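S.K.: Structure incoming, see below.
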Protein chains: 2
Amino acid sequence: MTNPSLIRRNNHARGAGTAKAARPPGKRDRNRQSAEVKLAELRRRLLEINDLGAAGALLAWDHATYMPAGGAPARARQGATLRRLAHEKSVDPALGRLIDELQPRADSLAHGAASLIRVARRDFEKAVKVPPDYVARANTLGSASYDAWTRARPANDFPAMVPYLEEMLDLSREYAGFFAPYEHVADPLIDDADEGMTTASVRRLFGALARELVPIVRAISEQPPADDRCLRGKFAEAAQLDFSRAVVERMGYDFTRGRLDTTHHPFCTKFSAGDVRITTRVYAGDIGQALFSTLHEAGHALYEQGVGAALEGTPLGSGVSAGVHESQSRLWENQIGRSAGFWRHFYPRLQRAFPDQFAGVTLDAFYRAINKVEHSLIRTDADEVTYNLHIMLRFELELELLEARLAVKHLPEAWREAMQAHLGLVPPDDRDGCLQDVHWYAGGIGGAFHSYTLGNILSAQFHVAAVKAHPQIPQEIERGEFGMLRAWLTERVYQHGRTYTPNELIEQATGEPMSMRPYIAYLRAKYGELYRLPPAPRG
Amino acid sequence: MTNPSLIRRNNHARGAGTAKAARPPGKRDRNRQSAEVKLAELRRRLLEINDLGAAGALLAWDHATYMPAGGAPARARQGATLRRLAHEKSVDPALGRLIDELQPRADSLAHGAASLIRVARRDFEKAVKVPPDYVARANTLGSASYDAWTRARPANDFPAMVPYLEEMLDLSREYAGFFAPYEHVADPLIDDADEGMTTASVRRLFGALARELVPIVRAISEQPPADDRCLRGKFAEAAQLDFSRAVVERMGYDFTRGRLDTTHHPFCTKFSAGDVRITTRVYAGDIGQALFSTLHEAGHALYEQGVGAALEGTPLGSGVSAGVHESQSRLWENQIGRSAGFWRHFYPRLQRAFPDQFAGVTLDAFYRAINKVEHSLIRTDADEVTYNLHIMLRFELELELLEARLAVKHLPEAWREAMQAHLGLVPPDDRDGCLQDVHWYAGGIGGAFHSYTLGNILSAQFHVAAVKAHPQIPQEIERGEFGMLRAWLTERVYQHGRTYTPNELIEQATGEPMSMRPYIAYLRAKYGELYRLPPAPRG
C-alpha cells in the first residue's frame, strides 16, 4: 500500500512559479546563454529540494523497518525538520522568479526543459499558497492524531478520535481554501493527487462504475462461494519471503536498485532511481498476504525503477499521479498476479516451495481461491471486484464531511449505513468500521481514496493496450517471462515520469482518455467464467 | 572503529560565535527575559543543525548496512547536500550574534546555559573560519580519494594514490591555515579531535609512553609466543552474533535504544539519545573479530547512550572528544573484555555456544589466546600492547608529511623504515603497509590517529578511578554484573556529554590530569603475569 497522504506531502515538497511579466527579450544569443545558466540554477535548486525529500523518505523507511523504539521521538522531529527545510526551499521567491524568467524561453532550451518548467511551476504554485504556519500545524496534528489512532483503533474507541478528526476536517477545508476559488471543496485535494481530476469527474466515473459493478457483485453473490481454505494454514515465513522475492525478481524488480523488507504496513519508497525499496508483511496463517502485497508494491517499484535516468533527481523523476501509480501496483498484483496464465508458470514452483500445503490442490482450485469474491468488512482484504465499493463509500463520506452534510460524531452511523447499502453487511464495531484506515486520521480528509479506484480502472486500460500492441504477452507470461509487457510499460508509461500530464500520458499510451470499459470488460470476462455468470447485457 | 574523520566532520557541523562587544546592560529583568528568548532561539538553531547531522548519519549508516549498490551515486550527493546545509546553518552570522549577545549573561541563565554557549562558540568559531568553498573541495576530494583507495589498496597500487594524497596534504595544511597562528601546523587538526591537546603535548606523551612500552614489548618478545589457535576454526556466524549481542546487552547496551548490524568496518553512530547503533563484522574463521569489535563499539555506544537526557539534540549531547570516546571503547573492549574476571563469567557460556571448538580449551588457555602479544603488520589486528606503536609511527609520519620533511612519494619507504624501527618487521607490500588505513585517504592528514592512544591511556585511568571508588567492581564483573562500573562511568563521564572540556572532565572524574601511569601499571601487571616478565624497575 502506498500511503496517498505521503504522496501528497511529497508533491508539496516539490518546486513551480508565480506568474509575473517576463523581461523583454534582448539579443537572442545572450538570452539563450543566460537562460541556460538559469536552467542550471533551477535544476540545482530543485535537486536540493529532491535530496531533502529523499533523506526524509529514508528516515521514514528506517522508522518502519529497523529503528529501535527509543528512536521515535527524535525521528519525528528530524523528519519534520527536513520537511520544513524542503518547504522553505520550495517556496523561495527566487525559485519562482527563475521559473517566471525561464517560462517564455522554455522551447528554445534543451529537450525536456519545457516539461521541467511546467511541473516546477505547478509544484511551486501549490507550495507557495500553503503558509508555513499551516504546514507546521498540519504536521503536528497529523503526528498526534496518527499516534492517537494507533491506540484508538485496537480499543475500538471512536469517540477518542472525534476531536482529532474534527480538527483534521477543518485543516482539510482550510487547505482547500488556499486554492479558492474552486467548484467543490474537495477539488484542490483531488488535484494534488491526480492532476486534471475533479470532484465532478470522479463522481461521474464512480457513478457509472457503480452501475456496472453492482449487478456483477450481485450475480456473483448468488453463486456458491469460492473455497479459499488452501490459502490458510501454516506457511513458514522465510519460505514465503523467498518465494515472493523470486517472483518479483522474475517480474523485473531490480534488487541491485532496491530491496524487500517486512513492515507492519507494506509500502514502496524511493530515494533515487538506483534505490527504490519495497516492504511486505508476512502472515504465517495466510499466504495471500505476503504474496499479493509484494506483487502490489513491486508494481509501484517497477514504475519508479523504470523512470528515465535523465529525469533522476528532478521533479519529473517520479510517477505522474496517484491514480497512474496505483494502476501499476494493480496491474502487477491483479491483472497479472491473479491471472490463470501467471500461475500456470508459478504454481508448480509454489507447490515445490510448500509441498505439504499444495500437493493436493489443483491449479484451478488455487486460481479460484486467490480470486474469491466476497462481501467483507476490511478494504485492504477485499477482492478486486468489491474493493471499489469500499472506495466509493469512503469517497462519498469524505464529500459529506467536507460539505458539512455529515458531522464527524455521526460518522460511525453513516459508515454502517453506507456499508449496508454498498456491501450488504454491517461492521460489528468501529475498529473494523470507520476506524480501519489510517488515511483520514493521519493525512486529512479528502483526496485520499479515489486514486485506488482510478488505479483499478487504469490497470485494465494499460494492460489491454499492451496486449493489443503485443498479442504474444499472455503466452510470454505463461512462460514466466515479462520482458515484452515491461518494455511496453516502460516505453509508454514508466520512462516519462511526470513529463506529461496524467491525461496526456494515458491518452498517448492507450490511444484514448481514461475509460472504464476495459476494466468492466476484464471483470465480466474473468468473473463471468469463474462464477459462471450469465452473459453481459449488450449495449 | 570510529572513523575520526567523521567525528571531526561532526564537530564542524556544530555551532559557537565571533567575539564582539556585548550590548551595555539595560534593566535587569527585561534583559533576563530577552536573554531567555535568545537562548531558546539559540537552542532552536542548534537543534536544526543537529537534526541535519543526524539525518546525514542515518544516510551513512544505511549506506554501510542495507543500501543496494545502485543507491550509491545519489546517496553520496544527498549526504553532501545535508552536510552543506548543516554547514550553512552553522556559520550563519545570526547564530554568531546570538552567541555574542548571550555570552555576558550566560551565568544568569538556566543551569547548563554557560556550557552550551561555550561549546556553541567553539563550534561556531571553528566553522566560520572554514570557507564553504573549502568544505566543498574537501568533500569532493575526500569522496574521490576514498573511492580510489578502495581500488588501490587491493591492487597494492600506492602510486595511484600519490596525487590524491598530495592534494589531501595540501588541504590539511590549508585547513590548519584557517586557524593560524599556531605553534605547529598539526595543532588545529589535533584540537578538532581533542580540545586542549597540541602537537607538543601529544609528542611529549608519546615519547614518555614509548620509553615505557618498548622495554615491555621487548621483554614479551623474548618469551615463548602465546598460542591463539583456539580462536581460529569454523564458528557459525549467526551464533557469533548471538553471543556478542548477549554479552553487550549484559554490559548494559540498551537494545531498545540501539541495534547491532554487520558491516565491512565496524562503527558506532548516533541519531539521537534514543537511537545509538553499532555494527560489527563476523569472520567464520576468527571468533575474535566479531567478539571484540562488538565490545569496542558497544563501549562507544554506552558512552552515547549515557549522555544526560537534558542534553539531547544540543551540541552538548555527545561524547566530549575523540580521545575520551576511544577510552570508552577501549575500556569495555580491553580493560574489561580481555580481563580474566570477565571471562570467568562468560567463558562457560562461550563454551556452551561453541562446544565443538572450546570443550577442550581451558579458561586460562583462552585468556592467554585473547591477550596474545605479537609484532604484526596491521594496526586494527594489533594487540593492546603493540597497538600504540602502530599509532606512534603514524603520528610521526603525519608530522613529517605536514612539516614537508617527507614527500608523499617517499611514504612507502618511510613506512617500512618506521615499521622496522618500531615493530621490528617490514610489510611485504604497501597494501599491508602505508595503504592499510583509510584515514589519510578519506579524511586528510593529521589529527586522525593520536586519539586512539589517548583512548588507551585514559581507559586505564578511568578504570582505576572507578575501582578505587568501588572496590567491589571486579567481583561484580566476575558475576557478569556491570551496574556499579556503568553507574560510576555514567555519573563521572557519560552524563556530562560536552558540558566540561576534556581536561576538566578527566580531572573531575579521576582526580588528576591525563596520566599514563595507570595504563603502564595495567600493562606491566597484566602482561607481567601473562608472560612471566621480570618485575618493573622501581622509579
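Chain labels follow the order of the C-alpha cells: the first chain is A, the next B, and so on; residue numbering restarts at 1 in every chain, and ligands are counted from 1 in their shown order.
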Chain A near chain B within 7 Å: what's each residue's closest atom pair and its distance in Å to one decimal, counting only C-alpha atoms, ordered by chain then ascending residue number, as CSV?
M.R.:
```
residue,atom,partner,partner_atom,distance
A:Glu48,CA,B:Thr81,CA,6.8
A:Asp51,CA,B:Gln78,CA,5.3
A:Ala55,CA,B:Ala55,CA,6.9
A:Pro68,CA,B:Thr256,CA,5.4
A:Ala69,CA,B:Thr256,CA,5.7
A:Gly70,CA,B:Gly274,CA,4.3
A:Gly71,CA,B:Gly274,CA,4.5
A:Ala74,CA,B:Ser272,CA,6.1
A:Gln78,CA,B:Asp51,CA,5.2
A:Thr81,CA,B:Glu48,CA,6.8
A:Thr256,CA,B:Pro68,CA,5.4
A:Arg257,CA,B:Gly70,CA,4.6
A:Gly258,CA,B:Pro68,CA,5.7
A:Arg259,CA,B:Pro68,CA,6.8
A:Ser272,CA,B:Ala74,CA,6.2
A:Gly274,CA,B:Gly70,CA,4.3
A:Asp275,CA,B:Gly71,CA,4.7
```
S.K.: Using the selection just defined, write its residues with N, CA and C atoms as an mmCIF file, in the first residue's frame.
M.R.:
```
data_model
loop_
_atom_site.group_PDB
_atom_site.id
_atom_site.type_symbol
_atom_site.label_atom_id
_atom_site.label_comp_id
_atom_site.auth_asym_id
_atom_site.auth_seq_id
_atom_site.Cartn_x
_atom_site.Cartn_y
_atom_site.Cartn_z
ATOM 1 N N GLU A 48 18.188 20.138 -4.746
ATOM 2 C CA GLU A 48 18.326 20.287 -3.295
ATOM 3 C C GLU A 48 17.004 19.909 -2.597
ATOM 4 N N ASP A 51 16.666 16.198 -2.756
ATOM 5 C CA ASP A 51 17.556 15.490 -1.835
ATOM 6 C C ASP A 51 17.031 15.543 -0.403
ATOM 7 N N ALA A 55 16.084 12.235 1.723
ATOM 8 C CA ALA A 55 16.599 11.983 3.073
ATOM 9 C C ALA A 55 15.438 11.749 4.034
ATOM 10 N N PRO A 68 15.062 1.265 16.372
ATOM 11 C CA PRO A 68 14.641 0.833 17.711
ATOM 12 C C PRO A 68 13.562 1.785 18.248
ATOM 13 N N ALA A 69 12.730 1.252 19.139
ATOM 14 C CA ALA A 69 11.597 2.041 19.640
ATOM 15 C C ALA A 69 12.051 3.373 20.215
ATOM 16 N N GLY A 70 13.207 3.384 20.873
ATOM 17 C CA GLY A 70 13.687 4.602 21.516
ATOM 18 C C GLY A 70 13.963 5.742 20.556
ATOM 19 N N GLY A 71 14.071 5.423 19.262
ATOM 20 C CA GLY A 71 14.391 6.466 18.292
ATOM 21 C C GLY A 71 13.223 7.332 17.885
ATOM 22 N N ALA A 74 12.853 11.583 18.567
ATOM 23 C CA ALA A 74 13.772 12.424 17.794
ATOM 24 C C ALA A 74 13.543 12.240 16.303
ATOM 25 N N GLN A 78 13.133 15.075 13.558
ATOM 26 C CA GLN A 78 14.099 15.209 12.468
ATOM 27 C C GLN A 78 13.402 15.163 11.108
ATOM 28 N N THR A 81 11.877 18.490 10.596
ATOM 29 C CA THR A 81 12.897 19.484 10.228
ATOM 30 C C THR A 81 13.210 19.407 8.733
ATOM 31 N N THR A 256 19.399 -4.952 -7.430
ATOM 32 C CA THR A 256 20.616 -4.131 -7.273
ATOM 33 C C THR A 256 20.241 -2.664 -7.097
ATOM 34 N N ARG A 257 18.962 -2.348 -7.353
ATOM 35 C CA ARG A 257 18.477 -0.986 -7.148
ATOM 36 C C ARG A 257 17.277 -0.968 -6.214
ATOM 37 N N GLY A 258 17.251 -1.924 -5.295
ATOM 38 C CA GLY A 258 16.127 -1.968 -4.370
ATOM 39 C C GLY A 258 16.302 -3.072 -3.359
ATOM 40 N N ARG A 259 15.370 -3.230 -2.449
ATOM 41 C CA ARG A 259 15.388 -4.328 -1.504
ATOM 42 C C ARG A 259 13.984 -4.545 -0.960
ATOM 43 N N SER A 272 16.176 7.319 -4.805
ATOM 44 C CA SER A 272 16.778 7.751 -6.068
ATOM 45 C C SER A 272 16.427 6.680 -7.095
ATOM 46 N N GLY A 274 18.291 4.695 -8.345
ATOM 47 C CA GLY A 274 19.047 3.500 -8.022
ATOM 48 C C GLY A 274 18.670 2.868 -6.703
ATOM 49 N N ASP A 275 17.644 3.361 -6.050
ATOM 50 C CA ASP A 275 17.301 2.843 -4.722
ATOM 51 C C ASP A 275 15.800 3.005 -4.476
#
```
S.K.: Write out as a list in words all residues of stretch 77-305 of chain B that DSSP puts in strand (DSSP E or B) for this structure's backbone.
M.R.: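 Of stretch 77-305 of chain B, the ones in strand (DSSP E or B) are Arg232, Leu260, Asp261, Thr262, Cys268, Thr269, Lys270, Phe271, Ser272, Asp275, Val276, Arg277, Ile278, Thr279, Thr280, Tyr283 and Asp286 of chain B.
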S.K.: I need the alpha helix (DSSP H) residues of stretch 120-197 of chain A per DSSP on the backbone, written as JSON, numbers by chain.
M.R.: {"A": [120, 121, 122, 123, 124, 125, 126, 127, 128, 132, 133, 134, 135, 136, 137, 138, 139, 140, 141, 142, 143, 144, 145, 146, 147, 148, 149, 150, 151, 152, 158, 159, 160, 161, 162, 163, 164, 165, 166, 167, 168, 169, 170, 171, 172, 173, 174, 175, 176, 177, 187, 188, 189, 190, 191, 192, 193]}
S.K.: Take the residues that were just selected and, keeping C-alpha atoms, output them as an mmCIF file, in the first residue's frame.
M.R.:
```
data_model
loop_
_atom_site.group_PDB
_atom_site.id
_atom_site.type_symbol
_atom_site.label_atom_id
_atom_site.label_comp_id
_atom_site.auth_asym_id
_atom_site.auth_seq_id
_atom_site.Cartn_x
_atom_site.Cartn_y
_atom_site.Cartn_z
ATOM 1 C CA ALA A 120 8.229 23.095 -11.374
ATOM 2 C CA ARG A 121 5.618 25.837 -11.781
ATOM 3 C CA ARG A 122 2.764 23.543 -10.750
ATOM 4 C CA ASP A 123 4.644 22.436 -7.638
ATOM 5 C CA PHE A 124 5.801 25.940 -6.764
ATOM 6 C CA GLU A 125 2.346 27.442 -7.156
ATOM 7 C CA LYS A 126 0.896 24.721 -4.941
ATOM 8 C CA ALA A 127 3.603 25.188 -2.348
ATOM 9 C CA VAL A 128 3.519 28.987 -2.095
ATOM 10 C CA PRO A 132 4.484 27.689 6.619
ATOM 11 C CA ASP A 133 2.350 28.060 9.714
ATOM 12 C CA TYR A 134 -0.247 25.755 8.186
ATOM 13 C CA VAL A 135 2.389 23.177 7.292
ATOM 14 C CA ALA A 136 3.615 23.176 10.875
ATOM 15 C CA ARG A 137 0.105 22.836 12.309
ATOM 16 C CA ALA A 138 -0.803 20.065 9.868
ATOM 17 C CA ASN A 139 2.370 18.142 10.682
ATOM 18 C CA THR A 140 1.811 18.488 14.410
ATOM 19 C CA LEU A 141 -1.819 17.432 14.246
ATOM 20 C CA GLY A 142 -1.049 14.622 11.810
ATOM 21 C CA SER A 143 1.536 13.123 14.155
ATOM 22 C CA ALA A 144 -0.632 13.469 17.264
ATOM 23 C CA SER A 145 -3.718 12.135 15.530
ATOM 24 C CA TYR A 146 -1.843 9.188 14.000
ATOM 25 C CA ASP A 147 -0.445 8.379 17.401
ATOM 26 C CA ALA A 148 -3.905 8.524 18.989
ATOM 27 C CA TRP A 149 -5.327 6.355 16.177
ATOM 28 C CA THR A 150 -2.770 3.614 16.809
ATOM 29 C CA ARG A 151 -4.290 3.312 20.293
ATOM 30 C CA ALA A 152 -7.929 4.111 19.485
ATOM 31 C CA PHE A 158 -14.005 6.250 18.005
ATOM 32 C CA PRO A 159 -15.059 8.976 20.483
ATOM 33 C CA ALA A 160 -11.360 9.452 21.344
ATOM 34 C CA MET A 161 -10.736 10.315 17.711
ATOM 35 C CA VAL A 162 -13.604 12.768 17.271
ATOM 36 C CA PRO A 163 -11.673 15.897 18.316
ATOM 37 C CA TYR A 164 -8.708 14.932 16.118
ATOM 38 C CA LEU A 165 -10.912 14.182 13.158
ATOM 39 C CA GLU A 166 -12.827 17.430 13.563
ATOM 40 C CA GLU A 167 -9.563 19.326 13.529
ATOM 41 C CA MET A 168 -8.389 17.274 10.548
ATOM 42 C CA LEU A 169 -11.553 18.196 8.717
ATOM 43 C CA ASP A 170 -11.043 21.884 9.497
ATOM 44 C CA LEU A 171 -7.473 21.648 8.250
ATOM 45 C CA SER A 172 -8.578 19.937 5.042
ATOM 46 C CA ARG A 173 -11.100 22.692 4.402
ATOM 47 C CA GLU A 174 -8.520 25.339 5.262
ATOM 48 C CA TYR A 175 -6.110 23.708 2.829
ATOM 49 C CA ALA A 176 -8.727 23.749 0.075
ATOM 50 C CA GLY A 177 -9.316 27.420 0.867
ATOM 51 C CA ASP A 187 -11.220 19.690 -5.867
ATOM 52 C CA PRO A 188 -7.852 21.005 -4.638
ATOM 53 C CA LEU A 189 -7.325 17.823 -2.620
ATOM 54 C CA ILE A 190 -8.111 15.604 -5.593
ATOM 55 C CA ASP A 191 -5.942 17.698 -7.904
ATOM 56 C CA ASP A 192 -2.979 17.244 -5.559
ATOM 57 C CA ALA A 193 -3.099 13.503 -6.078
#
```
S.K.: Excluding stretch 489-498 of chain A and residues on its chain fewer than 6 positions from it, collect all residues at most 9 Å away from it, counting only C-alpha atoms, and give them as a PyMOL selection string.
M.R.: chain A and resi 115-116+119+302-309+311+315-321+324+462-463+466+505-506+508-510
S.K.: Any chance you could export the current selection's N, CA, C and O atoms as a CSV table (one decimal), in the first residue's frame?
M.R.:
```
chain,number,residue,atom,x,y,z
A,115,SER,N,8.9,20.7,-20.0
A,115,SER,CA,8.1,19.9,-19.1
A,115,SER,C,8.6,20.2,-17.6
A,115,SER,O,7.9,20.4,-16.7
A,116,LEU,N,10.0,20.4,-17.5
A,116,LEU,CA,10.5,20.6,-16.2
A,116,LEU,C,10.0,21.9,-15.7
A,116,LEU,O,9.6,22.0,-14.5
A,119,VAL,N,6.2,21.6,-14.7
A,119,VAL,CA,6.0,20.8,-13.4
A,119,VAL,C,6.5,21.6,-12.2
A,119,VAL,O,5.9,21.7,-11.2
A,302,LEU,N,8.4,-1.1,-9.9
A,302,LEU,CA,8.7,-1.2,-11.4
A,302,LEU,C,8.5,0.1,-12.1
A,302,LEU,O,9.3,0.5,-12.9
A,303,TYR,N,7.5,0.8,-11.7
A,303,TYR,CA,7.2,2.1,-12.3
A,303,TYR,C,8.4,3.1,-11.9
A,303,TYR,O,9.0,3.7,-12.8
A,304,GLU,N,8.7,3.1,-10.7
A,304,GLU,CA,9.8,4.1,-10.2
A,304,GLU,C,11.1,3.7,-10.8
A,304,GLU,O,11.9,4.5,-11.1
A,305,GLN,N,11.4,2.4,-10.8
A,305,GLN,CA,12.7,1.9,-11.4
A,305,GLN,C,12.8,2.2,-12.9
A,305,GLN,O,13.9,2.3,-13.4
A,306,GLY,N,11.6,2.3,-13.5
A,306,GLY,CA,11.6,2.5,-15.0
A,306,GLY,C,11.6,3.9,-15.4
A,306,GLY,O,11.7,4.2,-16.6
A,307,VAL,N,11.6,4.9,-14.5
A,307,VAL,CA,11.6,6.3,-14.9
A,307,VAL,C,13.0,6.6,-15.6
A,307,VAL,O,14.0,6.1,-15.1
A,308,GLY,N,13.0,7.4,-16.6
A,308,GLY,CA,14.2,7.6,-17.4
A,308,GLY,C,15.3,8.2,-16.5
A,308,GLY,O,15.1,9.1,-15.7
A,309,ALA,N,16.5,7.7,-16.8
A,309,ALA,CA,17.7,8.1,-16.0
A,309,ALA,C,17.9,9.6,-16.1
A,309,ALA,O,18.4,10.3,-15.1
A,311,LEU,N,15.9,11.9,-15.9
A,311,LEU,CA,15.0,12.7,-15.1
A,311,LEU,C,15.4,12.6,-13.6
A,311,LEU,O,14.8,13.3,-12.7
A,315,PRO,N,12.0,17.1,-10.5
A,315,PRO,CA,10.6,16.9,-10.1
A,315,PRO,C,9.9,16.0,-11.2
A,315,PRO,O,8.8,15.5,-11.0
A,316,LEU,N,10.5,15.8,-12.4
A,316,LEU,CA,10.0,14.9,-13.4
A,316,LEU,C,10.2,13.5,-13.1
A,316,LEU,O,9.6,12.6,-13.7
A,317,GLY,N,11.2,13.2,-12.2
A,317,GLY,CA,11.7,11.9,-12.0
A,317,GLY,C,10.9,11.0,-11.1
A,317,GLY,O,11.4,10.2,-10.3
A,318,SER,N,9.6,11.0,-11.1
A,318,SER,CA,8.8,10.1,-10.3
A,318,SER,C,7.4,9.9,-11.0
A,318,SER,O,7.1,10.5,-12.0
A,319,GLY,N,6.6,8.9,-10.5
A,319,GLY,CA,5.3,8.6,-11.1
A,319,GLY,C,4.5,9.9,-11.3
A,319,GLY,O,4.6,10.8,-10.5
A,320,VAL,N,3.6,9.9,-12.2
A,320,VAL,CA,2.9,11.1,-12.6
A,320,VAL,C,1.7,11.5,-11.8
A,320,VAL,O,1.4,12.6,-11.6
A,321,SER,N,1.1,10.5,-11.2
A,321,SER,CA,-0.1,10.8,-10.3
A,321,SER,C,-0.4,9.6,-9.4
A,321,SER,O,0.1,8.5,-9.7
A,324,VAL,N,-2.3,6.9,-11.6
A,324,VAL,CA,-1.5,6.1,-12.5
A,324,VAL,C,-0.5,5.2,-11.7
A,324,VAL,O,-0.2,4.1,-12.1
A,462,PHE,N,-4.3,0.0,-19.4
A,462,PHE,CA,-2.9,-0.1,-19.8
A,462,PHE,C,-2.7,-1.6,-20.2
A,462,PHE,O,-2.0,-1.8,-21.2
A,463,HIS,N,-3.2,-2.5,-19.5
A,463,HIS,CA,-2.9,-3.9,-19.8
A,463,HIS,C,-3.5,-4.3,-21.2
A,463,HIS,O,-2.8,-4.9,-22.0
A,466,ALA,N,-1.4,-2.8,-23.9
A,466,ALA,CA,-0.1,-3.5,-24.1
A,466,ALA,C,-0.3,-4.8,-24.9
A,466,ALA,O,0.5,-5.1,-25.8
A,505,LEU,N,-0.6,11.4,-20.7
A,505,LEU,CA,0.1,10.1,-20.7
A,505,LEU,C,-0.8,9.0,-21.0
A,505,LEU,O,-0.5,8.1,-21.8
A,506,ILE,N,-2.0,9.0,-20.4
A,506,ILE,CA,-3.0,7.9,-20.6
A,506,ILE,C,-3.4,7.9,-22.0
A,506,ILE,O,-3.4,6.8,-22.7
A,508,GLN,N,-1.8,9.1,-24.7
A,508,GLN,CA,-0.7,8.7,-25.6
A,508,GLN,C,-0.4,7.2,-25.5
A,508,GLN,O,-0.1,6.6,-26.5
A,509,ALA,N,-0.5,6.7,-24.3
A,509,ALA,CA,-0.2,5.3,-24.1
A,509,ALA,C,-1.2,4.3,-24.6
A,509,ALA,O,-0.9,3.3,-25.2
A,510,THR,N,-2.5,4.7,-24.5
A,510,THR,CA,-3.6,3.8,-24.8
A,510,THR,C,-4.4,4.2,-25.9
A,510,THR,O,-5.3,3.4,-26.4
```
S.K.: Give me the residues within 10 Å of B:Lys234 as an MDAnalysis selection string, counting only C-alpha atoms and dropping any in the same chain fewer than 2 places off.
M.R.: chainID B and resid 231:232 236:237 283:287 354 356:357
S.K.: Using Å and a single decimal, report how far atom CA of B:Tyr500 sits from atom CA of B:Ala322.
M.R.: 14.2 Å
S.K.: To one decimal in Å, tell me the separation between atom CA of B:Phe395 and atom CA of B:Asp381.
M.R.: 18.2 Å
S.K.: B:Ile99, B:Val214, B:Cys230, B:Ile278: which is nearest B:His375, counting only C-alpha atoms?
M.R.: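 Closest residue, counting only C-alpha atoms: B:Val214.
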S.K.: Closest to B:Val247 among B:Glu326, B:Glu481, B:Glu504, B:Glu413, using only C-alpha atoms?
M.R.: B:Glu481
S.K.: Within 10 Å of A:Leu213, counting only C-alpha atoms, which residues show up once you throw out same-chain ones fewer than 2 positions away? Write them as a JSON list (two decimals) with N, CA and C atoms, in the first residue's frame, please.
M.R.:
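Result file is result.json:
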```
[["chain", "number", "residue", "atom", "x", "y", "z"],
["A", 206, "PHE", "N", -17.35, 7.30, -10.87],
["A", 206, "PHE", "CA", -17.77, 6.34, -9.85],
["A", 206, "PHE", "C", -19.23, 5.95, -10.02],
["A", 207, "GLY", "N", -20.06, 6.92, -10.43],
["A", 207, "GLY", "CA", -21.48, 6.63, -10.66],
["A", 207, "GLY", "C", -21.63, 5.59, -11.75],
["A", 208, "ALA", "N", -20.95, 5.83, -12.85],
["A", 208, "ALA", "CA", -21.03, 4.90, -13.98],
["A", 208, "ALA", "C", -20.47, 3.53, -13.60],
["A", 209, "LEU", "N", -19.37, 3.55, -12.85],
["A", 209, "LEU", "CA", -18.75, 2.29, -12.44],
["A", 209, "LEU", "C", -19.68, 1.49, -11.54],
["A", 210, "ALA", "N", -20.34, 2.20, -10.62],
["A", 210, "ALA", "CA", -21.26, 1.52, -9.69],
["A", 210, "ALA", "C", -22.38, 0.83, -10.46],
["A", 211, "ARG", "N", -22.90, 1.51, -11.48],
["A", 211, "ARG", "CA", -24.00, 0.92, -12.27],
["A", 211, "ARG", "C", -23.57, -0.40, -12.91],
["A", 215, "PRO", "N", -24.46, -4.94, -10.40],
["A", 215, "PRO", "CA", -25.05, -6.20, -10.92],
["A", 215, "PRO", "C", -24.05, -7.37, -10.94],
["A", 216, "ILE", "N", -22.77, -7.05, -11.23],
["A", 216, "ILE", "CA", -21.77, -8.14, -11.23],
["A", 216, "ILE", "C", -21.63, -8.73, -9.84],
["A", 217, "VAL", "N", -21.50, -7.84, -8.87],
["A", 217, "VAL", "CA", -21.35, -8.31, -7.49],
["A", 217, "VAL", "C", -22.59, -9.10, -7.06],
["A", 218, "ARG", "N", -23.77, -8.60, -7.45],
["A", 218, "ARG", "CA", -24.99, -9.31, -7.07],
["A", 218, "ARG", "C", -25.03, -10.70, -7.70],
["A", 219, "ALA", "N", -24.68, -10.76, -8.96],
["A", 219, "ALA", "CA", -24.71, -12.06, -9.65],
["A", 219, "ALA", "C", -23.72, -13.04, -9.01],
["A", 385, "VAL", "N", -13.02, -7.11, -7.09],
["A", 385, "VAL", "CA", -14.32, -6.64, -7.54],
["A", 385, "VAL", "C", -14.96, -5.73, -6.50],
["A", 386, "THR", "N", -15.11, -6.24, -5.29],
["A", 386, "THR", "CA", -15.79, -5.44, -4.26],
["A", 386, "THR", "C", -14.93, -4.30, -3.73],
["A", 388, "ASN", "N", -13.71, -1.79, -5.05],
["A", 388, "ASN", "CA", -14.15, -0.46, -5.48],
["A", 388, "ASN", "C", -15.35, 0.05, -4.68],
["A", 389, "LEU", "N", -16.17, -0.87, -4.20],
["A", 389, "LEU", "CA", -17.32, -0.44, -3.39],
["A", 389, "LEU", "C", -16.82, 0.17, -2.07],
["A", 520, "ILE", "N", -14.24, -2.96, -16.90],
["A", 520, "ILE", "CA", -15.50, -3.68, -16.78],
["A", 520, "ILE", "C", -15.47, -4.95, -17.63],
["A", 523, "LEU", "N", -13.43, -7.52, -15.80],
["A", 523, "LEU", "CA", -14.15, -8.15, -14.68],
["A", 523, "LEU", "C", -15.21, -9.11, -15.19],
["A", 524, "ARG", "N", -15.96, -8.68, -16.21],
["A", 524, "ARG", "CA", -17.03, -9.54, -16.75],
["A", 524, "ARG", "C", -16.46, -10.85, -17.28]]
```
S.K.: Mind pulling up the distance from atom CA of A:Gln103 to atom CA of A:Arg45?
M.R.: 16.2 Å
S.K.: Got a sec: who's within 12 Å of stretch 367-373 of chain B, counting only C-alpha atoms, leaving out chain neighbours fewer than 6 positions off, as a PyMOL selection string?
M.R.: chain B and resi 216-232+286-289+291-292+333-335+337-344+346-347+361+381-387+423+523+526-531
